[in-house]
Amino acid sequence: MNTTVHHPLEPSTGSKWFAAVVVIGYALVSLIPLVWIVMTSLRTPQDAIAYPPKVVAQISAIGYVDLFTTRSRVGVEELAKLPPPTTWYEKLIREQQMILAGPSRFVDRYSNSLIIGFGSTFLSVVLGTLAAYGFSRFRVPAKNDLLFFILSTRMMPPIAVAIPIYLMFRQVDLTDTHTGLMLLYTVVNLSLSVWLLKGFMDEIPREYEEAAMVDGYTRLQAFVKVVLPQASTGIATTAIFCLIFAWNEYAFALLLTSGAAQTSPPFIPTIIGEGGLDWPAMAAGTTLFLLPVLFFTILLRKHLLRGVTFGAVRK
Amino acid sequence: MNTSKSARHGLSDRALAWIFILPTVVLLLAFNIFPLFWTIYLSFTNYRANRPNLDVDWVGLANYVHVLTNEDVWASMQATAHFLCWSITLQILIGFGLALLLNRRFRSHSFWSTAILLPMMLAPAVVGTFWKYFFEPQYGIFNYLVGMVGGPTDFTMLGDGDLSPWAIILVDTWMWAPYVMLLLLAGLRSIPPYLYEAAEIDRASEWTKFWRVTLPMVMPFIVLAVLFRAIENFKMFDLVDQLTNGGPGSITQLASITLKREAFEKWRTGYSSALAIILFVSIYGMSMVAVRFLDRVKQR
């Protein structure tokens, strides 16, 4: 009977066209900021503050050179007396009436982001996988209360948590250390990690492990050899979400680090301040900072919904 | 039987469950619950974190009274409420609109939905920084684009007390309307087709189908989206800190910005702890409701 009914859900061609035009229009407008920031990173500081804004401008690497270096201004006569620049970036710097003074702190801050991001992701995924398996497979007293408690920790406002954490870190000398921030991000990500992974684990049929255990595996062996490989997509997805969170986090980084362990998000805004309004350098830093996230978002697109609803909504 | 089985199977399930779950619970207790109780304790004292050697006095409820009778706090609550109402309304309208359109499954719809989702995953603080550049009145692209579609160009989005709240709402909507879209699209796709088929048999108009089938069925997802956005925007810090830093004056000083100023600039630790607890209780209330809806949506 069903086959004879015309499918009423199939929209007409006209309405599809209308939908496509509006959606693509919105997408293009909403991408302007991202395109513009990448374009700004490739122009000269003068072009970046031109009015009206230039859509087509001379392409220059000065933003990236400024991002990675510190420079000092020198007089014209003094500049003329110097030996000619030996590298292409020194040449670019000289053209701005400056000389190379040294490397900037961008590489340090970027690698801090990488170390803290990957370290905390590793920890929260390992702990989250164990806990998720525990919640998924075993009878745990007050399971739902515990799970709710874990989720609720995510809802706390970071600034409110930062007050006692600041005092705690000061007491045990964790302020401005990689370990401190790594631990904190691990904890903040645990709620997401447990909830997401529990969703993925719930989808793996119990029969797989039970069959393995009948074959003589212990529970632990079954977990390692049967469940973990089955959960690998879920683990990878969770890891990327944790990594993006740690990569993007700003409030704790701002309040709990100042130098040695400072990550990129609190550092990038300070690039503008050095030597007037250097928008291309800021844009260059932003571009290098955002590119990995954009890449991972595209990689994750099928699992985004799951990630942003703590695993509750799957499709 | 029991002994031979557990000997053969290594650790008992019960032991394994605890070994697996305990590290997570202990870490969360140490970094969330212990600090929470510490904050509660601090909120009854006059402690100042920048003067650790000063005597700490128990002041009872004085901090709470000061917070709740402080006009600046109420002003910042009002700013937060304004931001919450408008950002959520716009995000729901735009997000729902986009979801309805994407649900028509035109060719390449999944490519464009991914493109739309990109802003959502970016660091809000960094987004705030580069939007500051777009909002520059002299050379920013925002004024230029507004002028291009026929609007005025002689305004300063971030320097004008009437406009700066809308700057935050605009950027937040740019980032998060896609989130609502994603969630509501899932809602739309969870509606069983037979409901529309039944409506078709009754010769219901498109309008009736929307009000009688689509909207009621998507409602739990809309409520969930509102709650999630409300919780996130109530905590909103990164974006505003970079975009306006509460300014001009304290027009866009949302609750979190006030908290940061009290706690980490004026170092009134006891007082700001009381404010933190008040914020936390409000958000916790919303979260309880959100989690209940999460369960309802999950059953679909």
# chains A, B, ... in the order shown; residues from 1 in each chain; ligands from 1

$ residues_around --residues "range 137-152 of chain B" --least-positions-apart "5" --cutoff "9 Å" --atoms "only C-alpha atoms" --output "PyMOL selection string"
(chain A and resi 33+36+48-53) or (chain B and resi 131-132+157-158)

$ write_last_selection --atoms "N, CA and C atoms" --output "tab-separated table (two decimals), in the first residue's frame"
chain	number	residue	atom	x	y	z
A	33	PRO	N	33.82	37.19	7.01
A	33	PRO	CA	34.83	37.48	8.04
A	33	PRO	C	36.05	36.58	7.96
A	36	TRP	N	38.07	37.43	4.90
A	36	TRP	CA	38.68	38.75	5.07
A	36	TRP	C	39.90	38.68	5.99
A	48	ALA	N	45.91	47.51	5.02
A	48	ALA	CA	44.94	46.98	5.97
A	48	ALA	C	44.09	48.08	6.60
A	49	ILE	N	44.59	49.33	6.56
A	49	ILE	CA	43.78	50.42	7.13
A	49	ILE	C	43.35	51.41	6.05
A	50	ALA	N	43.30	50.94	4.80
A	50	ALA	CA	42.86	51.81	3.71
A	50	ALA	C	41.34	51.96	3.74
A	51	TYR	N	40.85	53.14	3.34
A	51	TYR	CA	39.42	53.31	3.17
A	51	TYR	C	39.14	53.92	1.81
A	52	PRO	N	38.19	53.41	1.06
A	52	PRO	CA	37.41	52.21	1.36
A	52	PRO	C	38.28	50.96	1.38
A	53	PRO	N	37.86	49.93	2.14
A	53	PRO	CA	38.68	48.71	2.22
A	53	PRO	C	38.96	48.16	0.83
B	131	TRP	N	36.87	40.67	14.96
B	131	TRP	CA	35.69	41.50	14.69
B	131	TRP	C	35.92	42.94	15.11
B	132	LYS	N	36.78	43.14	16.10
B	132	LYS	CA	37.13	44.50	16.50
B	132	LYS	C	37.71	45.25	15.30
B	157	MET	N	30.48	51.22	15.82
B	157	MET	CA	29.77	50.10	16.42
B	157	MET	C	30.19	49.85	17.87
B	158	LEU	N	31.50	49.93	18.15
B	158	LEU	CA	31.97	49.58	19.49
B	158	LEU	C	32.09	50.78	20.42

$ select_by_dssp --residues "range 111-178 of chain B" --states "alpha helix (DSSP H)" --output "MDAnalysis selection string"
chainID B and resid 111:117 124:134 141:148 164:178

$ write_last_selection --atoms "N, CA and C atoms" --output "compact mmCIF listing (two decimals), in the first residue's frame"
# COMPACT_ATOMS: atom_id res chain seq x y z
N PHE B 111 27.25 20.22 1.94
CA PHE B 111 28.44 21.05 1.81
C PHE B 111 28.21 22.43 2.41
N TRP B 112 27.08 23.04 2.07
CA TRP B 112 26.82 24.40 2.55
C TRP B 112 26.51 24.42 4.04
N SER B 113 25.92 23.33 4.55
CA SER B 113 25.66 23.36 6.00
C SER B 113 26.99 23.28 6.75
N THR B 114 27.96 22.53 6.23
CA THR B 114 29.28 22.51 6.88
C THR B 114 29.91 23.90 6.83
N ALA B 115 29.79 24.57 5.69
CA ALA B 115 30.36 25.92 5.55
C ALA B 115 29.76 26.87 6.59
N ILE B 116 28.44 26.74 6.78
CA ILE B 116 27.76 27.62 7.74
C ILE B 116 28.21 27.32 9.17
N LEU B 117 28.54 26.05 9.42
CA LEU B 117 28.88 25.65 10.80
C LEU B 117 30.27 26.11 11.24
N PRO B 124 36.13 31.99 20.74
CA PRO B 124 35.39 33.25 20.86
C PRO B 124 36.30 34.45 21.12
N ALA B 125 37.37 34.26 21.89
CA ALA B 125 38.26 35.40 22.19
C ALA B 125 38.92 35.91 20.91
N VAL B 126 39.35 34.98 20.07
CA VAL B 126 40.02 35.37 18.84
C VAL B 126 39.00 35.96 17.86
N VAL B 127 37.80 35.41 17.86
CA VAL B 127 36.73 35.98 17.05
C VAL B 127 36.50 37.44 17.48
N GLY B 128 36.46 37.68 18.79
CA GLY B 128 36.28 39.03 19.30
C GLY B 128 37.38 39.96 18.80
N THR B 129 38.59 39.46 18.77
CA THR B 129 39.72 40.29 18.33
C THR B 129 39.58 40.69 16.87
N PHE B 130 39.25 39.72 16.00
CA PHE B 130 39.23 40.14 14.59
C PHE B 130 37.96 40.89 14.21
N TRP B 131 36.87 40.67 14.96
CA TRP B 131 35.69 41.50 14.69
C TRP B 131 35.92 42.94 15.11
N LYS B 132 36.78 43.14 16.10
CA LYS B 132 37.13 44.50 16.50
C LYS B 132 37.71 45.25 15.30
N TYR B 133 38.49 44.52 14.52
CA TYR B 133 39.06 45.10 13.31
C TYR B 133 37.97 45.42 12.28
N PHE B 134 36.99 44.50 12.13
CA PHE B 134 35.92 44.75 11.16
C PHE B 134 35.06 45.94 11.57
N ILE B 141 35.59 46.77 7.62
CA ILE B 141 34.79 46.31 6.49
C ILE B 141 33.30 46.33 6.83
N PHE B 142 32.97 46.33 8.14
CA PHE B 142 31.55 46.28 8.52
C PHE B 142 30.81 47.53 8.07
N ASN B 143 31.35 48.71 8.46
CA ASN B 143 30.70 49.95 8.05
C ASN B 143 30.63 50.04 6.53
N TYR B 144 31.68 49.58 5.87
CA TYR B 144 31.74 49.63 4.42
C TYR B 144 30.61 48.80 3.80
N LEU B 145 30.43 47.58 4.34
CA LEU B 145 29.39 46.70 3.80
C LEU B 145 28.00 47.24 4.09
N VAL B 146 27.82 47.81 5.30
CA VAL B 146 26.53 48.41 5.62
C VAL B 146 26.25 49.55 4.66
N GLY B 147 27.29 50.34 4.35
CA GLY B 147 27.13 51.43 3.39
C GLY B 147 26.79 50.89 2.01
N MET B 148 27.38 49.76 1.66
CA MET B 148 27.19 49.20 0.33
C MET B 148 25.74 48.78 0.09
N SER B 164 26.91 49.30 20.84
CA SER B 164 27.82 48.23 21.26
C SER B 164 27.11 46.97 21.78
N PRO B 165 25.95 47.10 22.48
CA PRO B 165 25.27 45.85 22.85
C PRO B 165 24.89 45.03 21.62
N TRP B 166 24.56 45.74 20.53
CA TRP B 166 24.16 45.03 19.31
C TRP B 166 25.36 44.43 18.60
N ALA B 167 26.54 45.02 18.80
CA ALA B 167 27.75 44.43 18.22
C ALA B 167 27.97 43.04 18.79
N ILE B 168 27.80 42.91 20.11
CA ILE B 168 27.98 41.61 20.75
C ILE B 168 26.92 40.62 20.26
N ILE B 169 25.68 41.10 20.21
CA ILE B 169 24.59 40.23 19.77
C ILE B 169 24.85 39.75 18.34
N LEU B 170 25.30 40.66 17.50
CA LEU B 170 25.56 40.32 16.10
C LEU B 170 26.64 39.24 15.98
N VAL B 171 27.76 39.46 16.65
CA VAL B 171 28.87 38.51 16.53
C VAL B 171 28.48 37.17 17.14
N ASP B 172 27.79 37.21 18.27
CA ASP B 172 27.36 35.97 18.91
C ASP B 172 26.40 35.20 18.00
N THR B 173 25.52 35.95 17.31
CA THR B 173 24.58 35.30 16.41
C THR B 173 25.30 34.71 15.21
N TRP B 174 26.30 35.44 14.71
CA TRP B 174 27.11 34.91 13.61
C TRP B 174 27.73 33.56 14.01
N MET B 175 28.20 33.50 15.26
CA MET B 175 28.84 32.26 15.70
C MET B 175 27.84 31.14 15.97
N TRP B 176 26.69 31.46 16.58
CA TRP B 176 25.87 30.41 17.17
C TRP B 176 24.54 30.12 16.50
N ALA B 177 24.08 30.96 15.56
CA ALA B 177 22.88 30.59 14.80
C ALA B 177 23.10 29.22 14.14
N PRO B 178 24.32 28.94 13.62
CA PRO B 178 24.57 27.62 13.04
C PRO B 178 24.35 26.47 14.01

$ closest_residue --among "A:Thr297, A:Asn189, A:Gln171, A:Asn112" --to "chain B" --atoms "only C-alpha atoms"
A:Thr297

$ residues_around --residues "range 225-233 of chain A" --least-positions-apart "4" --cutoff "12 Å" --atoms "only C-alpha atoms" --output "MDAnalysis selection string"
chainID A and resid 125:126 129:130 132:133 136:137 196:213 217:221 237:240 299:300 302:303

$ residues_around --residues "Phe289 in chain A" --least-positions-apart "2" --cutoff "10 Å" --atoms "only C-alpha atoms" --output "PDB file with N, CA and C atoms, in the first residue's frame"
ATOM      1  N   TYR A 110      52.332  29.373  20.646  1.00  0.00           N
ATOM      2  CA  TYR A 110      51.704  28.360  19.800  1.00  0.00           C
ATOM      3  C   TYR A 110      52.084  26.970  20.302  1.00  0.00           C
ATOM      4  N   SER A 113      50.199  26.095  23.343  1.00  0.00           N
ATOM      5  CA  SER A 113      48.854  25.638  22.990  1.00  0.00           C
ATOM      6  C   SER A 113      48.875  24.180  22.575  1.00  0.00           C
ATOM      7  N   TRP A 247      42.286  24.097  22.828  1.00  0.00           N
ATOM      8  CA  TRP A 247      42.930  25.029  21.894  1.00  0.00           C
ATOM      9  C   TRP A 247      42.285  26.416  21.978  1.00  0.00           C
ATOM     10  N   ASN A 248      40.950  26.437  22.115  1.00  0.00           N
ATOM     11  CA  ASN A 248      40.204  27.693  22.082  1.00  0.00           C
ATOM     12  C   ASN A 248      40.085  28.378  23.431  1.00  0.00           C
ATOM     13  N   SER A 264      47.903  30.525  23.028  1.00  0.00           N
ATOM     14  CA  SER A 264      47.661  31.506  21.968  1.00  0.00           C
ATOM     15  C   SER A 264      46.477  32.453  22.201  1.00  0.00           C
ATOM     16  N   PRO A 265      45.291  31.963  22.641  1.00  0.00           N
ATOM     17  CA  PRO A 265      44.151  32.892  22.696  1.00  0.00           C
ATOM     18  C   PRO A 265      44.388  34.169  23.498  1.00  0.00           C
ATOM     19  N   ILE A 268      47.220  36.303  21.188  1.00  0.00           N
ATOM     20  CA  ILE A 268      46.940  36.879  19.865  1.00  0.00           C
ATOM     21  C   ILE A 268      46.463  38.341  19.926  1.00  0.00           C
ATOM     22  N   ALA A 283      46.220  39.346  12.014  1.00  0.00           N
ATOM     23  CA  ALA A 283      45.479  38.464  11.105  1.00  0.00           C
ATOM     24  C   ALA A 283      46.286  37.207  10.790  1.00  0.00           C
ATOM     25  N   ALA A 284      47.617  37.378  10.667  1.00  0.00           N
ATOM     26  CA  ALA A 284      48.468  36.219  10.380  1.00  0.00           C
ATOM     27  C   ALA A 284      48.422  35.240  11.556  1.00  0.00           C
ATOM     28  N   GLY A 285      48.543  35.773  12.768  1.00  0.00           N
ATOM     29  CA  GLY A 285      48.467  34.919  13.959  1.00  0.00           C
ATOM     30  C   GLY A 285      47.119  34.222  14.037  1.00  0.00           C
ATOM     31  N   THR A 286      46.051  34.993  13.770  1.00  0.00           N
ATOM     32  CA  THR A 286      44.701  34.427  13.804  1.00  0.00           C
ATOM     33  C   THR A 286      44.559  33.322  12.764  1.00  0.00           C
ATOM     34  N   THR A 287      45.060  33.569  11.560  1.00  0.00           N
ATOM     35  CA  THR A 287      44.949  32.575  10.493  1.00  0.00           C
ATOM     36  C   THR A 287      45.641  31.270  10.894  1.00  0.00           C
ATOM     37  N   LEU A 291      43.361  27.864  11.377  1.00  0.00           N
ATOM     38  CA  LEU A 291      43.411  26.833  10.330  1.00  0.00           C
ATOM     39  C   LEU A 291      43.235  25.402  10.857  1.00  0.00           C
ATOM     40  N   PRO A 292      43.963  25.005  11.922  1.00  0.00           N
ATOM     41  CA  PRO A 292      43.758  23.630  12.402  1.00  0.00           C
ATOM     42  C   PRO A 292      42.317  23.371  12.824  1.00  0.00           C
ATOM     43  N   VAL A 293      41.679  24.377  13.427  1.00  0.00           N
ATOM     44  CA  VAL A 293      40.297  24.187  13.886  1.00  0.00           C
ATOM     45  C   VAL A 293      39.366  24.013  12.690  1.00  0.00           C
ATOM     46  N   LEU A 294      39.574  24.831  11.657  1.00  0.00           N
ATOM     47  CA  LEU A 294      38.732  24.707  10.467  1.00  0.00           C
ATOM     48  C   LEU A 294      38.904  23.322   9.850  1.00  0.00           C
TER      49      LEU A 294
ATOM     50  N   LEU B 122      35.142  28.193  16.336  1.00  0.00           N
ATOM     51  CA  LEU B 122      36.311  29.055  16.523  1.00  0.00           C
ATOM     52  C   LEU B 122      36.400  29.557  17.960  1.00  0.00           C
ATOM     53  N   ALA B 123      37.599  30.000  18.345  1.00  0.00           N
ATOM     54  CA  ALA B 123      37.803  30.523  19.690  1.00  0.00           C
ATOM     55  C   ALA B 123      37.105  31.877  19.819  1.00  0.00           C
ATOM     56  N   VAL B 126      39.350  34.975  20.070  1.00  0.00           N
ATOM     57  CA  VAL B 126      40.018  35.368  18.837  1.00  0.00           C
ATOM     58  C   VAL B 126      39.005  35.957  17.857  1.00  0.00           C
TER      59      VAL B 126
END

$ residues_around --residues "Ile251 in chain B" --least-positions-apart "5" --cutoff "9 Å" --atoms "only C-alpha atoms" --output "ChimeraX atom specification"
/B:75-76,79,161-162,164-165,246

$ write_last_selection --atoms "C-alpha atoms" --output "PDB file, in the first residue's frame"
ATOM      1  CA  ALA B  75      22.972  47.010  35.674  1.00  0.00           C
ATOM      2  CA  SER B  76      25.187  44.174  34.558  1.00  0.00           C
ATOM      3  CA  ALA B  79      22.900  44.010  30.215  1.00  0.00           C
ATOM      4  CA  GLY B 161      26.645  53.079  23.888  1.00  0.00           C
ATOM      5  CA  ASP B 162      23.495  52.379  21.864  1.00  0.00           C
ATOM      6  CA  SER B 164      27.825  48.234  21.256  1.00  0.00           C
ATOM      7  CA  PRO B 165      25.270  45.847  22.853  1.00  0.00           C
ATOM      8  CA  GLY B 246      32.493  45.789  28.919  1.00  0.00           C
TER       9      GLY B 246
END

$ closest_residue --among "B:Ala290, B:Met77, B:Leu102, B:Leu54" --to "chain A" --atoms "only C-alpha atoms"
B:Leu102

$ closest_residue --among "B:Val65, B:Ala255, B:Met217, B:Leu294" --to "chain A" --atoms "only C-alpha atoms"
B:Leu294

$ residues_around --residues "Ile40 in chain B" --least-positions-apart "5" --cutoff "10 Å" --atoms "only C-alpha atoms" --output "PyMOL selection string"
(chain A and resi 164) or (chain B and resi 34-35+45+270+273-274+276-277)

$ write_last_selection --atoms "N, CA and C atoms" --output "compact mmCIF listing (two decimals), in the first residue's frame"
# COMPACT_ATOMS: atom_id res chain seq x y z
N PRO A 164 38.65 30.13 43.08
CA PRO A 164 39.33 29.17 43.96
C PRO A 164 40.50 28.45 43.28
N PHE B 34 35.50 20.59 45.43
CA PHE B 34 36.30 21.24 46.46
C PHE B 34 36.39 22.76 46.23
N PRO B 35 36.71 23.23 45.02
CA PRO B 35 36.71 24.67 44.79
C PRO B 35 35.36 25.33 45.03
N THR B 45 33.41 35.62 53.86
CA THR B 45 34.54 36.30 54.48
C THR B 45 34.90 37.58 53.71
N GLY B 270 36.20 37.89 48.57
CA GLY B 270 35.01 37.46 49.30
C GLY B 270 33.75 37.91 48.59
N SER B 273 33.23 36.13 45.35
CA SER B 273 32.80 34.74 45.57
C SER B 273 31.29 34.67 45.76
N ALA B 274 30.74 35.65 46.48
CA ALA B 274 29.29 35.69 46.67
C ALA B 274 28.60 35.86 45.32
N ALA B 276 29.83 35.01 42.45
CA ALA B 276 30.03 33.76 41.70
C ALA B 276 29.00 32.71 42.11
N ILE B 277 28.73 32.62 43.41
CA ILE B 277 27.76 31.63 43.89
C ILE B 277 26.37 31.95 43.35

$ closest_residue --among "A:Gly102, A:Ala131, A:Leu255, A:Phe241" --to "Arg170 in chain A" --atoms "only C-alpha atoms"
A:Leu255

$ closest_residue --among "B:Lys235, B:Arg229, B:His82, B:Arg292" --to "chain A" --atoms "only C-alpha atoms"
B:Lys235

$ closest_residue --among "B:Tyr64, B:Phe106, B:Trp267, B:Phe210" --to "chain A" --atoms "only C-alpha atoms"
B:Phe106

$ residues_around --residues "Arg48 in chain B" --least-positions-apart "3" --cutoff "6 Å" --atoms "only C-alpha atoms" --output "JSON, numbers by chain"
{"B": [51, 267, 268, 269]}

$ atom_distance --atom1 "CA of Tyr47 in chain B" --atom2 "CA of Phe234 in chain B"
26.2 Å
